[in-house]
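For reference, the structure discussed in these notes is given below.
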Protein chains: 2
Amino acid sequence: YIARILVRVKKSFWKYYGEKIGIYFAWLGFYTEMLSYAAVVGLLCFIYGVATFDENVWSKEICNDTIGGQIVMCPLCDKKCGYWKLSTTCSSSWQSYLFDNTATVFFAIFMGIWVTLFLEFWKRRQARLEYEWDLVDFEEEQQQLQLRPEYETKCTHRRLNRVTQISLIIACIIGVIAYRLAVFAAFASIMKDSPTNKLDVVGTLITPQFATSVTASCINFVIIMILNFLYEHVAIKITDMEVPKTHVEYENKLTVKMFLFQFVNYYSSCFYVAFFKGKFVGYPGDYAYMFGKWRNEECEPGGCLIELTTQLVIVMVGKQVWGNIQEALVPWLRNWWVSRSARNHPESLYSRWEQDHDLQTFSQLGLFYEYLEMVIQFGFITLFVASFPLAPLLALMNNILEVRVDAWKFTTQFRRPVAAKAHSIGAWDEILNMIAVFSVVTNAFIVSFTSDMIPRLVYKYAYHLGSESTMEGYINNSLSIFNISEIPVENRPEEGENPDWFYSSNITTCRYRDYRYPPGHEKQYTHTMQFWHILAAKLAFIIIMEHVVFVVKFFVAWLIPDVPSDVKARTKREHYLIQEYLHDYELEKLKIQLSQNGPNIEPCTCPATAATSVKLEVFSDCLS
Amino acid sequence: YIARILVRVKKSFWKYYGEKIGIYFAWLGFYTEMLSYAAVVGLLCFIYGVATFDENVWSKEICNDTIGGQIVMCPLCDKKCGYWKLSTTCSSSWQSYLFDNTATVFFAIFMGIWVTLFLEFWKRRQARLEYEWDLVDFEEEQQQLQLRPEYETKCTHRRLNRVTQISLIIACIIGVIAYRLAVFAAFASIMKDSPTNKLDVVGTLITPQFATSVTASCINFVIIMILNFLYEHVAIKITDMEVPKTHVEYENKLTVKMFLFQFVNYYSSCFYVAFFKGKFVGYPGDYAYMFGKWRNEECEPGGCLIELTTQLVIVMVGKQVWGNIQEALVPWLRNWWVSRSARNHPESLYSRWEQDHDLQTFSQLGLFYEYLEMVIQFGFITLFVASFPLAPLLALMNNILEVRVDAWKFTTQFRRPVAAKAHSIGAWDEILNMIAVFSVVTNAFIVSFTSDMIPRLVYKYAYHLGSESTMEGYINNSLSIFNISEIPVENRPEEGENPDWFYSSNITTCRYRDYRYPPGHEKQYTHTMQFWHILAAKLAFIIIMEHVVFVVKFFVAWLIPDVPSDVKARTKREHYLIQEYLHDYELEKLKIQLSQNGPNIEPCTCPATAATSVKLEVFSDCLS
């Protein structure tokens with residue numbers, strides 16, 4: 001049904017707005033169509049998680065008073081954090097199981113291949129459109145030859161050379177990342193001050209940790225939104241500095257920069273949570289400090305994956321809601337404002353043409369932002385899909401709305417733009433390909449390093465207790481022991497930070513997430529064999545997953561021809577017909593000339609030769 | 001200097017033989033040119049190995065009577081092999097150091113990037129040639145439209161569908177691999193029967209092991225050569241079964257198949273030695289058996305890398321020498337035979353045209369074999385370069401000869417072929433790209449799994465004896481202990497297979513290459529922590545190397561524009577000029593027609609529109 005709408009929208013848009021806008025809707029339609037498949041599979045994976053809910057023994061153990069209730073964990077931060085009981089993470093561990101099970105691994109691999117299919121089939125669709133819209137031999141020469149006025153006027157003799165530009169961009173990006181992370185970390189740490197004591201009223205399902213990370217993510221999102229405005233201007237500035245020669249060049253250059261900036265802006269926090277937070281924390285004896293000052297954050301007790309999921313959901317949903325509101329509301333308000341004066345016109349006539357004139361002008365970059373929005377979304381559903389299988393579903397719901405909003409906006413809120421030709425989605429295609437490749441890597445790393453999948457499997461098959469492989473005792477096995485008395489003073493929690501039960505009971509050891517020898521062992525606090533075993537397994541998983549997925553990708557891409565065979569055949573046939581037509585035509589002409597035997601016999605059959613590469617539509621004009 | 005020859009050869013060949021042969025020599029020239037850089041760096045790496053010869057402590061320890069002389073190794077095969085002293089591998093361990101040192105790692109990475117540069121710069125060179133040879137807008141339409149007679153006659157209604165074809169090819173390939181490996185393994189095992197006793201006369205430098213692997217490789221090479229003939233016919237048969245429509249299609253299809261077959265034929269033994277031999281042998285207690293019958297081969301005592309190197313050198317050099325002889329000699333002999341009758345002609349006149357007529361006909365596939373030869377060579381110098389840095393040098397020497405031989409052959413031994421157009425090296429480009437990507441993977445695996453690099457480094461920095469990191473004691477550390485009395489009867493060497501010293505001394509334990517707990521340990525014969533540590537390091541190395549090299553590859557490929565800017569500018573300018581010219585020309589024509597006001601006023605400016613995409617050379621004809 002969706003597909004049908006979209007086809008209709010697409011066709012009408014092509015007719016009314018020309019190819020450039022037409023192809024955007026064609027792409028959006030196709031993307032949404034493909035999304036629906038991913039969404040269904042994602043939903044199934046989620047359902048699998050729900051169905052096998054009872055099987056996650058480790059959550060039960062965490063919630064069990066005799067196991068999780070007895071395990072005292074070491075403080076998560078210096079001074080401000082107290083000792084805490086593992087059982088407090090009960091509900092968040094249940095939540096995280098929904099996204100951290102074998103189905104997720106399958107889904108990560110599935111998406112890797114889905115992306116390939118999406119790109120390959122889009123190529124075919126594009127080729128077909130090219131044929132249907134008579135763009136087969138349209139080279140963007142016209143645009144490429146016409147120079148931008150800015151270029152002709154401003155172009156100084158010494159232009160910035162490529163290297164300078166690139167280094168400039170890289171510098172910007174690094175700056176962006178640094179700033180984002182700093183802000184993110186700062187807020188996170190502020191939020192985290194002794195979480196275990198605050199917010200306990202909120203109840204069991206929304207644990208304090210959960211509340212914390214949600215709040216942090218929200219703030220993070222607000223900052224992203226604010227920064228976006230800034231980056232936009234930076235990107236445009238740099239592109240202007242380059243003084244590109246043609247409009248096409250300008251747009252492509254801007255596209256790449258804009259995308260890079262938005263990419264780091266939106267994703268950096270997700271990357272941080274996924275791959276750095278809680279990875280290099282050290283152990284109670286000597287914690288790792290950034291610049292010798294800030295102690296590296298640990299993940300929330302619930303684990304890193306659930307945190308990544310929260311992060312992702314909030315940024316993604318927030319972005320989409322905000323995006324739609326902004327897109328729809330802003331032009332509407334502007335128009336309302338502009339037309340205000342006209343509406344209360346003395347002799348209340350407000351003619352059609354006046355109304356149309358008062359509409360928003362369709363900026364050159366209008367379409368660009370639409371693409372950007374979609375590509376960023378594409379990034380969210382591919383890069384981090386291993387942490388949240390429902391992402392495609394969210395994207396799908398957004399897009400069904402998006403198509404409508406865009407259609408409404410273009411038709412009612414903007415002046416009709418000048419139709420422009422385009423036979424592809426331009427630089428975006430390349431960017432999508434890059435994301436596709438990159439996503440395989442990120443997902444492989446998420447599964448092996450962010451989620452607890454691999455350690456669990458290794459435990460189940462190599463270190464399980466008893467004869468048959470089971471998950472029982474995993475929690476106890478996955479936590480190392482530390483002697484409280486050996487914790488350096490500067491790391492110890494301040495007075496009153498600890499919960500009351502801590503003082504009442506005399507506890508000598510606390511546990512932490514790592515695989516190190518217990519105190520008293522001759523190699524105490526050094527990594528155990530299990531640690532190296534698990535590390536090897538994680539790395540092996542990355543290698544296997546990447547190679548398998550990439551081989552399949554290449555094979556699929558090679559198997560699916562870029563141009564549908566019937567389209568290819570038709571184009572060939574038309575080329576042939578043209579040659580035939582033109583040959584006859586030239587013959588006719590020469591005959592006539594010879595018959596009249598005038599002084600002006602063409603000495604040259606150049607047009608005939610020339611005409612061999614003329615197009616059918618051109619020729620049909622002649623016939624009329 | 002080489003470059004200059006080649007440019008000259010290239011140009012002349014283009015003029016005399018047309019683009020298709022011209023571009024082959026252009027490519028060959030460019031390839032040889034780029035090879036020279038790789039050869040130099042490879043040579044430097046080799047020299048580094050020679051220079052740091054004294055630093056490999058482990059070889060010294062092996063040769064040392066008090067260390068290597070005292071270590072008794074477990075038998076390498078069942079029954080037929082006896083116990084042997086580690087010191088017997090003295091010289092081969094020295095040899096292997098030449099190729100198994102840090103410089104090799106560097107070279108492997110270097111080659112990964114060299115390949116990218118080669119392909120990128122070739123794209124540019126090709127674009128320039130296209131421009132210089134006026135092929136910019138030449139589409140292979142002509143060839144693509146003309147059908148093969150075989151197609152028109154033989155084309156039945158039910159053609160084999162794609163899947164059937166592919167599965168057929170895959171089946172063939174698997175068959176090829178299976179057969180090759182079977183033969184290879186068989187010969188290897190025959191050669192290996194109690195190596196330590198035979199051939200000891202040969203002296204120290206050419207150890208029995210070395211002699212063995214050399215002989216095995218030679219036999220292997222002979223088999224390859226024999227099989228090639230067979231595969232050739234199979235490939236052609238399958239392609240005929242497909243009944244491709246056009247000549248271009250036919251050639252491309254054949255290219256891919258032929259390459260795949262030759263690829264597996266030449267490389268399978270190298271892959272076997274590099275990645276399977278000696279990897280899954282188990283340990284003296286329970287050895288791994290293939291199909292429960294054949295015990296998996298262990299590497300020669302000298303290690304797998306040196307064996308791979310021998311394998312590679314013999315196959316590669318043999319192929320090249322054989323190739324050149326065949327290419328040069330066969331046509332020469334044929335011609336000599338054909339012209340024999342003519343030479344002893346009664347009235348001894350043997351006119352030029354007769355001589356030319358008697359020359360070999362240049363077959364459609366002639367060029368194809370030239371490419372195939374070079375691409376297979378390209379595979380040797382990229383896929384396994386981590387095991388033999390001198391490969392590029394050998395290839396370079398071969399190519400300098402090759403250019404000459406080919407030139408001589410084409411000019412003197414064949415009839416002048418009909419000139420054909422071509423603006424690229426066709427399907428080969430894709431194949432080269434695939435090899436380039438693949439080579440990064442193979443080299444990463446060779447370094448971490450075939451060579452001893454990683455275990456040494458891990459030992460040096462994690463498990464070394466004493467305070468400062470050193471290689472001393474590595475040999476002893478890298479060998480596990482096994483209790484002879486626990487070796488199953490069926491694995492024990494038969495009477496008389498053991499050397500005399502074995503009987504004289506009463507030995508209770510033997511050593512084998514692995515990291516397992518010694519007998520008596522509570523986890524005896526299970527993997528030690530060091531094993532998992534090393535495995536993690538190996539896998540980490542693969543991940544790091546692959547990701548680094550690929551990122552660099554992508555970045556370089558993105559940085560280097562495919563078409564040189566000046567070429568781009570010129571083409572644009574010419575397009576513009578053409579339009580101008582043709583516009584004026586059409587104008588003139590119309591003026592004349594109007595002036596005479598004849599009945600035949602063209603109602604249509606079609607040619608004008610058509611002419612906008614006419615080419616300069618076409619137009620210049622008109623002007624004449």
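Chain labels A, B, ... are given in the sequence in which chains occur in the structure tokens; within each chain residues are numbered consecutively from 1, and ligands are likewise numbered from 1 in the order shown.
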
Tell me, as a JSON list (two decimals) with N, CA and C atoms, in the first residue's frame, which residues lie within 9 Å of stretch 273-281 of chain A, counting only C-alpha atoms; anything in the same chain fewer than 4 positions away does not count.
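The file below, part-v7.json, is the result:
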[["chain", "number", "residue", "atom", "x", "y", "z"],
["A", 268, "SER", "N", 28.83, 10.97, 17.58],
["A", 268, "SER", "CA", 30.02, 10.85, 18.45],
["A", 268, "SER", "C", 29.64, 10.31, 19.82],
["A", 269, "SER", "N", 28.52, 10.80, 20.38],
["A", 269, "SER", "CA", 28.17, 10.32, 21.72],
["A", 269, "SER", "C", 27.88, 8.82, 21.69],
["A", 286, "ASP", "N", 44.33, 0.26, 40.69],
["A", 286, "ASP", "CA", 44.73, 1.51, 40.00],
["A", 286, "ASP", "C", 43.77, 1.77, 38.85],
["A", 287, "TYR", "N", 42.95, 2.77, 39.05],
["A", 287, "TYR", "CA", 42.02, 3.16, 38.00],
["A", 287, "TYR", "C", 42.77, 3.97, 36.94],
["A", 288, "ALA", "N", 42.25, 3.93, 35.71],
["A", 288, "ALA", "CA", 42.85, 4.73, 34.63],
["A", 288, "ALA", "C", 42.26, 6.14, 34.68],
["A", 289, "TYR", "N", 43.11, 7.14, 34.51],
["A", 289, "TYR", "CA", 42.65, 8.53, 34.54],
["A", 289, "TYR", "C", 42.96, 9.20, 33.22],
["A", 295, "ARG", "N", 38.80, 10.38, 36.11],
["A", 295, "ARG", "CA", 38.79, 8.92, 36.06],
["A", 295, "ARG", "C", 37.86, 8.49, 34.93],
["A", 296, "ASN", "N", 38.34, 7.54, 34.10],
["A", 296, "ASN", "CA", 37.52, 7.09, 32.97],
["A", 296, "ASN", "C", 36.19, 6.56, 33.48],
["A", 297, "GLU", "N", 35.11, 7.01, 32.84],
["A", 297, "GLU", "CA", 33.77, 6.59, 33.26],
["A", 297, "GLU", "C", 33.61, 5.08, 33.15],
["A", 298, "GLU", "N", 32.88, 4.51, 34.09],
["A", 298, "GLU", "CA", 32.41, 3.14, 33.92],
["A", 298, "GLU", "C", 31.01, 3.19, 33.35],
["A", 299, "CYS", "N", 30.59, 2.06, 32.74],
["A", 299, "CYS", "CA", 29.21, 2.01, 32.26],
["A", 299, "CYS", "C", 28.27, 1.97, 33.44],
["A", 300, "GLU", "N", 27.04, 2.34, 33.19],
["A", 300, "GLU", "CA", 26.01, 2.16, 34.22],
["A", 300, "GLU", "C", 26.03, 0.70, 34.65],
["A", 303, "GLY", "N", 25.08, -2.21, 32.40],
["A", 303, "GLY", "CA", 25.88, -2.61, 31.25],
["A", 303, "GLY", "C", 25.90, -1.50, 30.20],
["A", 304, "CYS", "N", 26.86, -1.58, 29.28],
["A", 304, "CYS", "CA", 27.03, -0.51, 28.30],
["A", 304, "CYS", "C", 25.95, -0.56, 27.23],
["A", 305, "LEU", "N", 25.49, -1.78, 26.89],
["A", 305, "LEU", "CA", 24.61, -1.90, 25.74],
["A", 305, "LEU", "C", 23.31, -1.15, 25.97],
["A", 307, "GLU", "N", 22.77, 1.26, 27.82],
["A", 307, "GLU", "CA", 23.03, 2.70, 27.80],
["A", 307, "GLU", "C", 23.07, 3.19, 26.35],
["A", 308, "LEU", "N", 23.78, 2.42, 25.51],
["A", 308, "LEU", "CA", 23.84, 2.78, 24.09],
["A", 308, "LEU", "C", 22.44, 2.84, 23.50],
["A", 311, "GLN", "N", 20.63, 5.99, 24.64],
["A", 311, "GLN", "CA", 21.27, 7.07, 23.89],
["A", 311, "GLN", "C", 20.69, 7.16, 22.48],
["A", 384, "PHE", "N", 24.27, 1.34, 14.40],
["A", 384, "PHE", "CA", 24.13, 0.85, 15.77],
["A", 384, "PHE", "C", 22.99, -0.15, 15.91],
["A", 445, "PHE", "N", 31.89, -4.78, 16.09],
["A", 445, "PHE", "CA", 32.53, -4.34, 17.34],
["A", 445, "PHE", "C", 31.51, -4.23, 18.47],
["A", 446, "ILE", "N", 30.30, -3.74, 18.14],
["A", 446, "ILE", "CA", 29.29, -3.62, 19.19],
["A", 446, "ILE", "C", 28.97, -4.99, 19.77],
["A", 449, "PHE", "N", 32.22, -6.21, 21.71],
["A", 449, "PHE", "CA", 32.79, -5.43, 22.81],
["A", 449, "PHE", "C", 31.75, -4.73, 23.67],
["A", 450, "THR", "N", 30.64, -4.27, 23.08],
["A", 450, "THR", "CA", 29.65, -3.55, 23.89],
["A", 450, "THR", "C", 28.71, -4.52, 24.58]]

*Non-local contacts of A:Glu494 (7 Å; only C-alpha atoms; under 2 positions in same chain excluded) as a PyMOL selection string*: chain A and resi 79-80+492+496-497

The selected residues should be written to file as a short mmCIF file (atom, residue, chain, number, x, y, z; two decimals), in the first residue's frame (atoms: N, CA, C and O atoms).
data_model
loop_
_atom_site.label_atom_id
_atom_site.label_comp_id
_atom_site.auth_asym_id
_atom_site.auth_seq_id
_atom_site.Cartn_x
_atom_site.Cartn_y
_atom_site.Cartn_z
N LYS A 79 35.15 8.86 45.47
CA LYS A 79 34.54 9.68 46.53
C LYS A 79 33.03 9.70 46.48
O LYS A 79 32.36 9.22 47.37
N LYS A 80 32.44 10.20 45.40
CA LYS A 80 30.99 10.47 45.37
C LYS A 80 30.13 9.21 45.28
O LYS A 80 28.95 9.26 45.58
N ARG A 492 38.46 6.00 47.66
CA ARG A 492 37.42 5.49 48.58
C ARG A 492 36.26 6.47 48.64
O ARG A 492 36.44 7.68 48.52
N GLY A 496 29.30 8.76 54.43
CA GLY A 496 27.87 9.05 54.19
C GLY A 496 27.44 8.74 52.77
O GLY A 496 26.26 8.72 52.47
N GLU A 497 28.43 8.49 51.86
CA GLU A 497 28.04 8.12 50.50
C GLU A 497 27.55 6.67 50.47
O GLU A 497 26.77 6.29 49.61
#

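Using only C-alpha atoms for every distance, the candidate list B:Met471, B:Val563, B:Ile592, B:Leu396 yields B:Ile592 as the residue closest to chain A.
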
*Between atom CA of A:Phe368 and atom CA of A:Glu354, distance in Å (one decimal)*: 27.8 Å

*Shortest interatomic distance to A:Ala386 - which of A:Val552, A:Ile109, A:Val405, A:Ala537, counting only C-alpha atoms*: A:Ile109

_Contacts of stretch 50-58 of chain B at 10 Å (only C-alpha atoms; same-chain gap of 4+ positions) as a ChimeraX atom specification_ = /B:44-46,62-64,68,90,93-95,97-99,101,456,470-476

Selected residues, N, CA, C and O atoms, written as a PDB file, in the first residue's frame, please.
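Everything below was put into result-v2.pdb:
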ATOM      1  N   LEU B  44      65.300  -3.896  -0.191  1.00  0.00           N
ATOM      2  CA  LEU B  44      65.757  -3.275   1.062  1.00  0.00           C
ATOM      3  C   LEU B  44      65.338  -4.132   2.260  1.00  0.00           C
ATOM      4  O   LEU B  44      66.138  -4.396   3.159  1.00  0.00           O
ATOM      5  N   CYS B  45      64.088  -4.606   2.224  1.00  0.00           N
ATOM      6  CA  CYS B  45      63.613  -5.444   3.338  1.00  0.00           C
ATOM      7  C   CYS B  45      64.490  -6.687   3.460  1.00  0.00           C
ATOM      8  O   CYS B  45      64.885  -7.087   4.554  1.00  0.00           O
ATOM      9  N   PHE B  46      64.803  -7.288   2.313  1.00  0.00           N
ATOM     10  CA  PHE B  46      65.650  -8.477   2.318  1.00  0.00           C
ATOM     11  C   PHE B  46      67.020  -8.136   2.906  1.00  0.00           C
ATOM     12  O   PHE B  46      67.539  -8.848   3.778  1.00  0.00           O
ATOM     13  N   ILE B  62      68.898 -22.595  18.634  1.00  0.00           N
ATOM     14  CA  ILE B  62      68.617 -23.884  17.966  1.00  0.00           C
ATOM     15  C   ILE B  62      69.932 -24.582  17.628  1.00  0.00           C
ATOM     16  O   ILE B  62      70.119 -25.771  17.878  1.00  0.00           O
ATOM     17  N   CYS B  63      70.880 -23.796  17.064  1.00  0.00           N
ATOM     18  CA  CYS B  63      72.140 -24.403  16.615  1.00  0.00           C
ATOM     19  C   CYS B  63      73.054 -24.751  17.789  1.00  0.00           C
ATOM     20  O   CYS B  63      73.959 -25.570  17.660  1.00  0.00           O
ATOM     21  N   ASN B  64      72.781 -24.090  18.935  1.00  0.00           N
ATOM     22  CA  ASN B  64      73.647 -24.305  20.095  1.00  0.00           C
ATOM     23  C   ASN B  64      73.505 -25.745  20.612  1.00  0.00           C
ATOM     24  O   ASN B  64      72.400 -26.218  20.878  1.00  0.00           O
ATOM     25  N   GLY B  68      69.681 -26.366  21.591  1.00  0.00           N
ATOM     26  CA  GLY B  68      69.008 -27.087  20.508  1.00  0.00           C
ATOM     27  C   GLY B  68      69.449 -28.534  20.424  1.00  0.00           C
ATOM     28  O   GLY B  68      68.659 -29.423  20.113  1.00  0.00           O
ATOM     29  N   CYS B  90      68.773 -26.275  12.295  1.00  0.00           N
ATOM     30  CA  CYS B  90      69.607 -25.076  12.465  1.00  0.00           C
ATOM     31  C   CYS B  90      69.594 -24.189  11.229  1.00  0.00           C
ATOM     32  O   CYS B  90      69.116 -23.064  11.247  1.00  0.00           O
ATOM     33  N   SER B  93      66.343 -22.673   9.988  1.00  0.00           N
ATOM     34  CA  SER B  93      65.823 -21.582  10.810  1.00  0.00           C
ATOM     35  C   SER B  93      66.581 -20.298  10.468  1.00  0.00           C
ATOM     36  O   SER B  93      66.005 -19.215  10.432  1.00  0.00           O
ATOM     37  N   TRP B  94      67.870 -20.422  10.160  1.00  0.00           N
ATOM     38  CA  TRP B  94      68.617 -19.237   9.715  1.00  0.00           C
ATOM     39  C   TRP B  94      68.006 -18.694   8.430  1.00  0.00           C
ATOM     40  O   TRP B  94      67.742 -17.506   8.302  1.00  0.00           O
ATOM     41  N   GLN B  95      67.776 -19.626   7.489  1.00  0.00           N
ATOM     42  CA  GLN B  95      67.186 -19.176   6.211  1.00  0.00           C
ATOM     43  C   GLN B  95      65.868 -18.464   6.467  1.00  0.00           C
ATOM     44  O   GLN B  95      65.623 -17.380   5.959  1.00  0.00           O
ATOM     45  N   TYR B  97      64.769 -16.850   8.831  1.00  0.00           N
ATOM     46  CA  TYR B  97      64.848 -15.513   9.431  1.00  0.00           C
ATOM     47  C   TYR B  97      64.914 -14.438   8.346  1.00  0.00           C
ATOM     48  O   TYR B  97      64.394 -13.336   8.516  1.00  0.00           O
ATOM     49  N   LEU B  98      65.552 -14.774   7.207  1.00  0.00           N
ATOM     50  CA  LEU B  98      65.701 -13.776   6.138  1.00  0.00           C
ATOM     51  C   LEU B  98      64.344 -13.225   5.699  1.00  0.00           C
ATOM     52  O   LEU B  98      64.223 -12.075   5.288  1.00  0.00           O
ATOM     53  N   PHE B  99      63.314 -14.065   5.766  1.00  0.00           N
ATOM     54  CA  PHE B  99      61.986 -13.632   5.291  1.00  0.00           C
ATOM     55  C   PHE B  99      61.011 -13.424   6.437  1.00  0.00           C
ATOM     56  O   PHE B  99      59.911 -12.944   6.228  1.00  0.00           O
ATOM     57  N   ASN B 101      61.000 -11.524   9.461  1.00  0.00           N
ATOM     58  CA  ASN B 101      61.426 -10.519  10.435  1.00  0.00           C
ATOM     59  C   ASN B 101      60.524  -9.291  10.304  1.00  0.00           C
ATOM     60  O   ASN B 101      59.665  -9.231   9.426  1.00  0.00           O
ATOM     61  N   ARG B 456      56.809 -14.580  18.889  1.00  0.00           N
ATOM     62  CA  ARG B 456      58.088 -14.019  19.349  1.00  0.00           C
ATOM     63  C   ARG B 456      57.856 -12.710  20.090  1.00  0.00           C
ATOM     64  O   ARG B 456      58.357 -12.520  21.198  1.00  0.00           O
ATOM     65  N   THR B 470      63.816  -9.645  26.272  1.00  0.00           N
ATOM     66  CA  THR B 470      64.835 -10.278  25.436  1.00  0.00           C
ATOM     67  C   THR B 470      64.227 -11.520  24.772  1.00  0.00           C
ATOM     68  O   THR B 470      63.177 -11.983  25.176  1.00  0.00           O
ATOM     69  N   MET B 471      64.925 -12.026  23.762  1.00  0.00           N
ATOM     70  CA  MET B 471      64.443 -13.225  23.069  1.00  0.00           C
ATOM     71  C   MET B 471      65.053 -14.498  23.647  1.00  0.00           C
ATOM     72  O   MET B 471      64.720 -15.597  23.223  1.00  0.00           O
ATOM     73  N   GLU B 472      65.950 -14.344  24.611  1.00  0.00           N
ATOM     74  CA  GLU B 472      66.609 -15.552  25.131  1.00  0.00           C
ATOM     75  C   GLU B 472      65.590 -16.487  25.777  1.00  0.00           C
ATOM     76  O   GLU B 472      64.678 -16.036  26.482  1.00  0.00           O
ATOM     77  N   GLY B 473      65.741 -17.755  25.493  1.00  0.00           N
ATOM     78  CA  GLY B 473      64.830 -18.746  26.090  1.00  0.00           C
ATOM     79  C   GLY B 473      63.547 -18.919  25.305  1.00  0.00           C
ATOM     80  O   GLY B 473      62.694 -19.714  25.690  1.00  0.00           O
ATOM     81  N   TYR B 474      63.428 -18.204  24.185  1.00  0.00           N
ATOM     82  CA  TYR B 474      62.189 -18.309  23.407  1.00  0.00           C
ATOM     83  C   TYR B 474      61.958 -19.741  22.939  1.00  0.00           C
ATOM     84  O   TYR B 474      60.864 -20.283  23.090  1.00  0.00           O
ATOM     85  N   ILE B 475      63.024 -20.344  22.393  1.00  0.00           N
ATOM     86  CA  ILE B 475      62.888 -21.688  21.831  1.00  0.00           C
ATOM     87  C   ILE B 475      62.339 -22.637  22.873  1.00  0.00           C
ATOM     88  O   ILE B 475      61.334 -23.324  22.659  1.00  0.00           O
ATOM     89  N   ASN B 476      62.958 -22.606  24.035  1.00  0.00           N
ATOM     90  CA  ASN B 476      62.534 -23.515  25.097  1.00  0.00           C
ATOM     91  C   ASN B 476      61.087 -23.237  25.480  1.00  0.00           C
ATOM     92  O   ASN B 476      60.288 -24.146  25.678  1.00  0.00           O
TER      93      ASN B 476
END

*What lies within 9 Å of A:Lys319 using only C-alpha atoms, ignoring chain neighbours under 2 positions off, as an NGL selection string?*
:A and (221 or 225 or 314-317 or 321-324 or 373 or 377)

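Distances here use only C-alpha atoms; by that measure, the residue among B:Val248, B:Val447, B:Ala407, B:Ile484 closest to B:Val72 is B:Ile484.
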
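What separates atom CA of A:Trp114 from atom CA of B:His547 is a distance of 22.4 Å.
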